[in-house]
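**Student:** structure.txt (compact mmCIF, C-alpha atoms) pasted underneath:
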```txt
# COMPACT_ATOMS: atom_id res chain seq x y z
CA MET N 24 -50.27 -174.38 -121.88
CA ALA N 25 -52.44 -177.04 -120.33
CA LYS N 26 -54.80 -175.78 -117.70
CA HIS N 27 -54.89 -177.40 -114.28
CA LYS N 28 -58.36 -178.63 -113.42
CA GLY N 29 -60.09 -180.48 -110.63
CA ARG N 30 -58.45 -178.74 -107.68
CA GLY N 31 -61.18 -178.02 -105.12
CA TRP N 32 -58.73 -176.01 -103.04
CA HIS N 33 -58.62 -173.41 -105.77
CA SER N 34 -62.40 -173.10 -105.75
CA LYS N 35 -62.17 -172.10 -102.09
CA LEU N 36 -59.43 -169.61 -102.94
CA LEU N 37 -61.54 -168.14 -105.71
CA ALA N 38 -64.48 -167.63 -103.36
CA ALA N 39 -62.26 -165.93 -100.81
CA GLY N 40 -60.43 -163.93 -103.42
CA LEU N 41 -63.59 -162.61 -105.00
CA GLY N 42 -64.53 -161.10 -101.67
CA VAL N 43 -61.11 -159.50 -101.30
CA THR N 44 -61.19 -158.29 -104.87
CA ALA N 45 -64.63 -156.77 -104.59
CA LEU N 46 -63.64 -154.81 -101.52
CA ALA N 47 -60.34 -153.64 -102.94
CA ALA N 48 -61.31 -152.92 -106.52
CA ALA N 49 -62.45 -149.36 -105.93
CA THR N 50 -59.14 -148.36 -104.39
CA SER N 51 -56.24 -150.65 -105.19
CA VAL N 52 -56.83 -151.29 -108.88
CA TRP N 53 -57.47 -147.87 -110.27
CA THR N 54 -55.36 -145.74 -107.91
CA ALA N 55 -53.63 -144.09 -110.85
CA GLN N 56 -56.99 -142.51 -111.73
CA ALA N 57 -57.66 -141.11 -108.26
CA ASP N 58 -58.06 -137.37 -107.95
CA PRO N 59 -55.36 -136.12 -105.56
CA ALA N 60 -57.56 -133.16 -104.66
CA GLY N 61 -60.24 -135.52 -103.45
CA GLY N 62 -58.18 -136.64 -100.49
CA ARG N 63 -58.29 -140.37 -101.28
CA GLN N 64 -55.70 -142.66 -99.73
CA PRO N 65 -55.02 -145.34 -102.39
CA GLN N 66 -53.80 -148.60 -100.86
CA ALA N 67 -51.58 -149.65 -103.74
CA GLN N 68 -49.60 -146.41 -103.61
CA ALA N 69 -49.04 -146.84 -99.89
CA ALA N 70 -47.39 -150.21 -100.53
CA ALA N 71 -45.25 -149.22 -103.50
CA PRO N 72 -45.41 -145.56 -104.57
CA GLU N 73 -42.64 -145.77 -107.15
CA THR N 74 -43.41 -146.50 -110.78
CA PRO N 75 -41.93 -149.88 -111.77
CA ALA N 76 -39.90 -150.19 -114.94
CA LYS N 77 -41.80 -151.92 -117.71
CA VAL N 78 -40.46 -155.29 -118.86
CA SER N 79 -41.19 -157.45 -121.90
CA ALA N 80 -44.74 -158.75 -122.22
CA GLU N 81 -43.56 -161.94 -123.92
CA ILE N 82 -43.97 -165.08 -121.81
CA ALA N 83 -40.57 -165.97 -120.36
CA HIS N 84 -39.20 -169.50 -120.33
CA ALA N 85 -35.43 -169.01 -120.58
CA SER N 86 -33.01 -168.90 -117.64
CA ASP N 87 -30.72 -166.02 -116.79
CA ARG N 88 -27.97 -168.64 -116.42
CA GLY N 89 -27.93 -169.43 -120.12
CA ASP N 90 -28.36 -172.70 -121.99
CA ARG N 91 -27.44 -174.87 -118.99
CA GLY N 92 -29.53 -172.88 -116.55
CA VAL N 93 -32.60 -174.25 -114.79
CA ASN N 94 -35.43 -172.30 -113.18
CA ILE N 95 -37.19 -173.95 -110.25
CA THR N 96 -40.64 -172.42 -109.78
CA ILE N 97 -42.92 -173.12 -106.82
CA ASP N 98 -46.62 -172.26 -107.12
CA ASP N 99 -49.75 -171.55 -105.07
CA GLY N 100 -48.30 -170.80 -101.63
CA PRO N 101 -47.16 -169.82 -99.22
CA ASP N 102 -48.44 -172.63 -97.02
CA PRO N 103 -47.51 -173.02 -93.34
CA ALA N 104 -47.08 -176.79 -93.58
CA TRP N 105 -45.12 -177.10 -96.81
CA THR N 106 -43.38 -173.83 -97.66
CA PRO N 107 -40.92 -174.03 -94.73
CA GLN N 108 -39.95 -177.56 -95.78
CA VAL N 109 -39.46 -176.49 -99.39
CA LEU N 110 -37.34 -173.55 -98.25
CA GLN N 111 -35.14 -175.80 -96.11
CA LEU N 112 -34.68 -178.29 -98.93
CA LEU N 113 -33.70 -175.51 -101.35
CA LYS N 114 -31.26 -174.13 -98.78
CA ASP N 115 -29.68 -177.54 -98.24
CA ASN N 116 -29.05 -177.80 -101.98
CA GLY N 117 -27.91 -174.21 -102.47
CA VAL N 118 -30.77 -173.51 -104.88
CA LYS N 119 -32.70 -170.28 -105.41
CA ALA N 120 -36.24 -170.52 -106.75
CA THR N 121 -39.13 -168.37 -107.91
CA PHE N 122 -42.25 -168.54 -105.72
CA CYS N 123 -45.49 -167.79 -107.55
CA MET N 124 -47.78 -166.72 -104.72
CA VAL N 125 -51.54 -166.48 -104.51
CA GLY N 126 -52.56 -163.13 -103.04
CA THR N 127 -54.84 -164.48 -100.34
CA GLN N 128 -52.13 -166.89 -99.20
CA ALA N 129 -49.51 -164.15 -99.07
CA LYS N 130 -51.84 -161.95 -97.03
CA ALA N 131 -52.56 -164.80 -94.62
CA TYR N 132 -48.90 -165.75 -94.08
CA PRO N 133 -46.73 -162.63 -94.40
CA ASP N 134 -43.96 -164.13 -92.26
CA LEU N 135 -43.52 -166.90 -94.83
CA VAL N 136 -43.37 -164.36 -97.65
CA LYS N 137 -40.61 -162.56 -95.79
CA LYS N 138 -38.74 -165.86 -95.27
CA VAL N 139 -38.88 -166.53 -99.01
CA VAL N 140 -37.37 -163.11 -99.70
CA ALA N 141 -34.77 -163.51 -96.94
CA GLY N 142 -33.69 -166.79 -98.55
CA GLY N 143 -32.73 -164.98 -101.74
CA HIS N 144 -35.67 -166.26 -103.75
CA ARG N 145 -37.85 -164.21 -106.10
CA LEU N 146 -41.56 -163.48 -105.94
CA CYS N 147 -44.15 -163.96 -108.65
CA ASP N 148 -47.75 -162.71 -108.80
CA HIS N 149 -50.10 -165.69 -109.22
CA THR N 150 -53.32 -163.60 -108.88
CA VAL N 151 -55.63 -163.12 -105.93
CA SER N 152 -57.54 -166.38 -106.10
CA HIS N 153 -56.04 -168.67 -108.78
CA ASP N 154 -58.96 -168.50 -111.19
CA THR N 155 -57.94 -170.70 -114.13
CA THR N 156 -60.78 -169.25 -116.22
CA MET N 157 -59.72 -165.63 -115.88
CA ASP N 158 -58.77 -165.50 -119.56
CA THR N 159 -62.51 -165.65 -120.28
CA LYS N 160 -63.32 -162.78 -117.91
CA SER N 161 -63.40 -159.02 -118.42
CA GLU N 162 -60.31 -156.83 -118.47
CA ALA N 163 -61.51 -155.16 -115.27
CA TYR N 164 -61.61 -158.54 -113.55
CA GLN N 165 -58.15 -159.46 -114.84
CA SER N 166 -56.83 -156.13 -113.56
CA GLN N 167 -58.27 -156.70 -110.12
CA GLN N 168 -56.84 -160.20 -109.90
CA ILE N 169 -53.35 -159.13 -110.97
CA LEU N 170 -53.01 -155.73 -109.31
CA ASP N 171 -54.64 -156.66 -106.01
CA ALA N 172 -52.36 -159.70 -105.76
CA GLU N 173 -49.35 -157.52 -106.55
CA ARG N 174 -50.32 -155.21 -103.69
CA MET N 175 -50.98 -158.06 -101.26
CA ILE N 176 -47.68 -159.79 -102.00
CA THR N 177 -45.71 -156.54 -101.84
CA GLU N 178 -47.25 -155.61 -98.51
CA ALA N 179 -46.71 -159.10 -97.09
CA SER N 180 -43.05 -159.08 -98.15
CA GLY N 181 -42.35 -155.77 -96.51
CA GLY N 182 -42.04 -153.88 -99.79
CA VAL N 183 -40.45 -156.35 -102.22
CA ARG N 184 -42.34 -156.44 -105.51
CA PRO N 185 -43.12 -159.55 -107.51
CA ALA N 186 -40.71 -159.81 -110.42
CA TYR N 187 -42.98 -162.03 -112.53
CA TYR N 188 -46.63 -162.77 -113.28
CA ARG N 189 -47.83 -166.32 -113.87
CA ALA N 190 -51.42 -166.79 -115.00
CA PRO N 191 -53.24 -169.61 -113.20
CA GLY N 192 -53.22 -172.68 -115.40
CA GLY N 193 -51.54 -170.64 -118.12
CA ALA N 194 -54.65 -168.50 -118.63
CA PHE N 195 -52.75 -165.57 -120.13
CA THR N 196 -54.35 -162.97 -122.36
CA PRO N 197 -52.65 -160.22 -124.39
CA TYR N 198 -54.21 -157.71 -121.99
CA SER N 199 -53.01 -159.45 -118.82
CA ARG N 200 -49.50 -159.84 -120.20
CA GLN N 201 -49.27 -156.17 -121.12
CA LEU N 202 -50.70 -155.11 -117.76
CA ALA N 203 -48.24 -157.23 -115.80
CA ALA N 204 -45.33 -156.04 -117.92
CA SER N 205 -46.32 -152.42 -117.34
CA ARG N 206 -45.99 -153.13 -113.61
CA GLY N 207 -42.51 -154.62 -114.00
CA MET N 208 -43.71 -158.24 -113.81
CA ARG N 209 -42.49 -160.45 -116.66
CA PRO N 210 -45.11 -163.00 -117.73
CA LEU N 211 -43.77 -166.40 -116.73
CA GLY N 212 -44.49 -169.75 -118.34
CA TRP N 213 -43.08 -173.21 -117.79
CA ASN N 214 -41.50 -175.98 -119.83
CA VAL N 215 -41.72 -178.98 -117.49
CA ASP N 216 -44.92 -179.61 -115.56
CA THR N 217 -44.34 -182.23 -112.87
CA LYS N 218 -48.13 -182.45 -112.29
CA ASP N 219 -47.43 -182.82 -108.61
CA PHE N 220 -50.93 -181.55 -107.84
CA GLU N 221 -52.20 -184.90 -109.22
CA HIS N 222 -49.97 -186.87 -106.80
CA PRO N 223 -48.54 -189.15 -109.50
CA GLY N 224 -45.78 -190.41 -107.20
CA ALA N 225 -42.33 -188.97 -106.66
CA ASP N 226 -40.70 -191.42 -109.09
CA THR N 227 -43.03 -190.33 -111.87
CA MET N 228 -42.32 -186.68 -111.17
CA VAL N 229 -38.58 -187.26 -111.22
CA GLU N 230 -38.85 -189.15 -114.51
CA THR N 231 -40.90 -186.30 -115.97
CA VAL N 232 -38.12 -183.85 -115.18
CA LYS N 233 -35.43 -186.14 -116.55
CA THR N 234 -37.25 -186.76 -119.83
CA GLU N 235 -38.66 -183.26 -120.39
CA ILE N 236 -35.86 -180.94 -119.25
CA SER N 237 -34.69 -180.86 -122.85
CA ASN N 238 -37.93 -178.97 -123.63
CA GLY N 239 -36.70 -175.96 -121.68
CA PRO N 240 -35.40 -174.84 -118.30
CA THR N 241 -38.44 -173.77 -116.27
CA ILE N 242 -39.79 -176.51 -114.00
CA LEU N 243 -43.13 -176.30 -112.20
CA PHE N 244 -43.71 -177.56 -108.65
CA HIS N 245 -46.22 -176.58 -105.93
CA ASP N 246 -45.93 -175.83 -102.21
CA ALA N 247 -49.68 -175.49 -101.51
CA GLY N 248 -53.06 -176.75 -102.64
CA GLY N 249 -52.80 -180.12 -100.94
CA GLU N 250 -50.43 -182.66 -99.46
CA ARG N 251 -46.94 -182.07 -100.86
CA SER N 252 -44.75 -184.86 -99.47
CA GLN N 253 -44.31 -186.26 -102.99
CA THR N 254 -43.10 -182.87 -104.17
CA LEU N 255 -40.50 -182.76 -101.42
CA GLU N 256 -39.35 -186.29 -102.20
CA ALA N 257 -39.06 -185.48 -105.90
CA LEU N 258 -37.11 -182.30 -105.24
CA ARG N 259 -34.65 -184.21 -103.02
CA GLU N 260 -33.78 -186.39 -105.99
CA VAL N 261 -34.17 -183.91 -108.84
CA LEU N 262 -31.98 -181.09 -107.53
CA PRO N 263 -28.79 -183.18 -107.08
CA TRP N 264 -29.46 -184.95 -110.39
CA LEU N 265 -29.66 -181.66 -112.27
CA LYS N 266 -26.35 -180.59 -110.74
CA GLU N 267 -24.77 -183.90 -111.78
CA GLN N 268 -25.91 -183.24 -115.35
CA GLY N 269 -24.08 -179.92 -115.36
CA TYR N 270 -27.06 -177.63 -114.90
CA THR N 271 -26.91 -174.49 -112.76
CA PHE N 272 -29.86 -172.88 -111.01
CA GLY N 273 -31.00 -169.39 -111.89
CA PHE N 274 -34.06 -167.24 -112.36
CA PRO N 275 -36.29 -166.72 -115.38
CA VAL N 276 -35.15 -163.93 -117.68
CA ARG N 277 -36.79 -160.54 -117.23
```
Please lay out the structure from this file as C-alpha cells.
**Tutor:**
Amino acid sequence: MAKHKGRGWHSKLLAAGLGVTALAAATSVWTAQADPAGGRQPQAQAAAPETPAKVSAEIAHASDRGDRGVNITIDDGPDPAWTPQVLQLLKDNGVKATFCMVGTQAKAYPDLVKKVVAGGHRLCDHTVSHDTTMDTKSEAYQSQQILDAERMITEASGGVRPAYYRAPGGAFTPYSRQLAASRGMRPLGWNVDTKDFEHPGADTMVETVKTEISNGPTILFHDAGGERSQTLEALREVLPWLKEQGYTFGFPVR
C-alpha cells in the first residue's frame, strides 16, 4: 500500500503520542506480565478486563455484505469540526462506516467517540500517533502504539473495543498484524484511496471512486488532519451514486 507522506499534522500527533506512549508503556502495554502479588493496577485491564477473541491476521479488504458490498472507512479522527458533519451525512444517507481513530484524538474527544458508537458505526485502532514509519521500528514500539491506542479508544468509547487495526499509511508488519489479531482487531486495508488529504478536489475524488471501485470494496476517506470540506462534498455525491449502482453498505469482514 502506498504510504501517505507530507502531512505536518501527523508530525504533531507523533510528538504528542510519543509522550503518551512513553508514560503508558510501563503499565498499559505489558499488563499481562504484571505480578498480581505486587499490587499493580494495570490501566489496560481496567478498561477491558476480558480476553478478546483472536481474529485472522490477514489484511481484510472484503465486505461482510458480499460481492456488492462497500465499506466506507474514515481515518485520523475524531475531529470536533469535521466528525460531526461526517456523522450527519452518513446518517442522512443511511450508511454505517468504520472510523479508524488515532489514540490521542480519541482521548481528546471522548464524546465524539461515543457519538460514533451510538450511530451504529464501528471503531478501528489507527495507533497512538499515526507514525507512518512504524514498520521500521522495534516490536516494543509497535506494541505501544497499537495497545495504548486500543486502550485509549476503548476508554473514550465507554468500553467498546476497536474491531479493526489499520496501520498508518499501510505500515503493517507480520508482528503488528499478529498482535492486533490476538487482541480481536482484524488488520484492515483499503482498495480505493480518494487521497482526500491532498485536497485534489471533490470531482477528482468522486471520479477516483467511480473508476476504482472495481478494485475492491473498501474506500478510504478522512475526517481529520486538515480541512475536509472536499471530503464532505465528495461523500454527498458518492454515497447516492453507489446506491444507484446497486451497492449496499457494510463493514469489513472480521
**Student:** Find the residue from N:Glu162, N:Asn116, N:Gln168, N:Leu110 that sits nearest to Glu260 of chain N; use all atoms listed in the file when measuring.
**Tutor:**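 So, comparing all the options, the nearest one is N:Asn116.
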**Student:** Just want the 12 Å neighbourhood of Met157 of chain N, counted on only C-alpha atoms, with same-chain residues fewer than 3 positions away dropped. Output as a list in words.
**Tutor:** Lys26, Leu37, Leu41, His149, Thr150, Val151, Ser152, His153, Asp154, Lys160, Ser161, Glu162, Ala163, Tyr164, Gln165, Ser166, Gln167, Gln168, Ile169, Ala190, Pro191, Gly192, Gly193, Ala194, Phe195, Thr196, Tyr198 and Ser199 of chain N
**Student:** What is the distance between atom CA of Glu267 of chain N and atom CA of Arg88 of chain N, in Å to one decimal?
**Tutor:**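 Pair atom CA of Glu267 of chain N / atom CA of Arg88 of chain N returns 16.3 Å.
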**Student:** Counting all atoms listed in the file, which of N:Leu146, N:Ala247, N:Val276, N:Ala76 gets nearest to Ala104 of chain N?
**Tutor:**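 Ranked by minimum distance to Ala104 of chain N, first place goes to N:Ala247.
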**Student:** Go through N:Pro101, N:Val140, N:Thr106, N:Lys218 and flag the residue nearest Lys119 of chain N, using all atoms listed in the file for the distances.
**Tutor:** N:Val140
**Student:** Have a look at atom CA of Arg91 of chain N and atom CA of Ala225 of chain N and let me know their distance in Å, one decimal.
**Tutor:**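 Calculated distance between atom CA of Arg91 of chain N and atom CA of Ala225 of chain N is 23.9 Å.
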**Student:** In the coordinate frame of the file, compute which residues have an atom within 7 Å of (-46.0, -165.0, -113.9) when using all atoms listed in the file, and state them as an NGL selection string.
**Tutor:** :N and (123 or 147-149 or 187-190 or 209-212)
**Student:** Calculate how many Å separate atom CA of Arg259 of chain N from atom CA of Leu112 of chain N, rounding to one decimal.
**Tutor:**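 Spanning atom CA of Arg259 of chain N to atom CA of Leu112 of chain N is a straight-line distance of 7.2 Å.
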**Student:** Around segment 111-129 of chain N, fit a box with edges along x, y and z, padding it by 6 Å on each side, then list its centre and edge lengths in Å to one decimal as lines of an AutoDock Vina configuration file.
**Tutor:**
```
center_x = -41.4
center_y = -170.7
center_z = -102.0
size_x = 38.9
size_y = 27.2
size_z = 23.8
```
**Student:** Select, counting only C-alpha atoms, all protein, DNA and RNA residues no farther than 8 Å from (-43.3, -158.7, -117.3) in file coordinates, and express the selection as JSON, numbers by chain.
**Tutor:** {"N": [77, 78, 79, 80, 81, 82, 186, 187, 188, 200, 201, 203, 204, 205, 206, 207, 208, 209, 210, 211, 277]}
**Student:** Rank nothing, just name the residue among N:Pro240, N:Pro275, N:Pro75, N:Pro197 nearest to Asp216 of chain N, using all atoms listed in the file.
**Tutor:**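 Answer, going by the shortest atom-to-atom distance: N:Pro240.
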**Student:** Restricting the calculation to only C-alpha atoms, which member of N:Gly269, N:Gly249, N:Gly143, N:Gly181 is positioned closest to Asp99 of chain N?
**Tutor:** N:Gly249
**Student:** Could you list, as a ChimeraX atom specification, every residue within 7 Å of Gln253 of chain N, counting all atoms listed in the file and ignoring same-chain residues fewer than 3 positions away?
**Tutor:** /N:222,224-225,256-257
**Student:** Create the file for the chosen residues now, containing C-alpha atoms and written as a compact mmCIF listing (two decimals), in the coordinates of the input.
**Tutor:**
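Result file follows (part15.txt):
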```
# COMPACT_ATOMS: atom_id res chain seq x y z
CA HIS N 222 -49.97 -186.87 -106.80
CA GLY N 224 -45.78 -190.41 -107.20
CA ALA N 225 -42.33 -188.97 -106.66
CA GLU N 256 -39.35 -186.29 -102.20
CA ALA N 257 -39.06 -185.48 -105.90
```
**Student:** Would you mind listing what lies within 10 Å of Gly117 of chain N as a VMD selection string, with only C-alpha atoms counted and same-chain residues fewer than 6 positions away left out?
**Tutor:** chain N and resid 111 262 272
**Student:** Select, from N:Met175, N:Val125, N:Val139, N:Ile97, the residue with the minimum atom-to-atom distance to Leu258 of chain N, counting only C-alpha atoms.
**Tutor:**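 That would be N:Ile97, the residue with the smallest distance to Leu258 of chain N.
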**Student:** Mind checking which residues fall within 8 Å of Val136 of chain N, counting only C-alpha atoms, ignoring those fewer than 4 positions away in the same chain, and posting them as a PyMOL selection string?
**Tutor:** chain N and resi 101+129+132+140+176+179-180
**Student:** Considering all atoms listed in the file, return as a PyMOL selection string whatever protein or nucleic-acid residues lie within 9 Å of Gly273 of chain N, sequence-local ones (same chain, fewer than 3 positions apart) excluded.
**Tutor:** chain N and resi 86-89+92-95+118-120+276
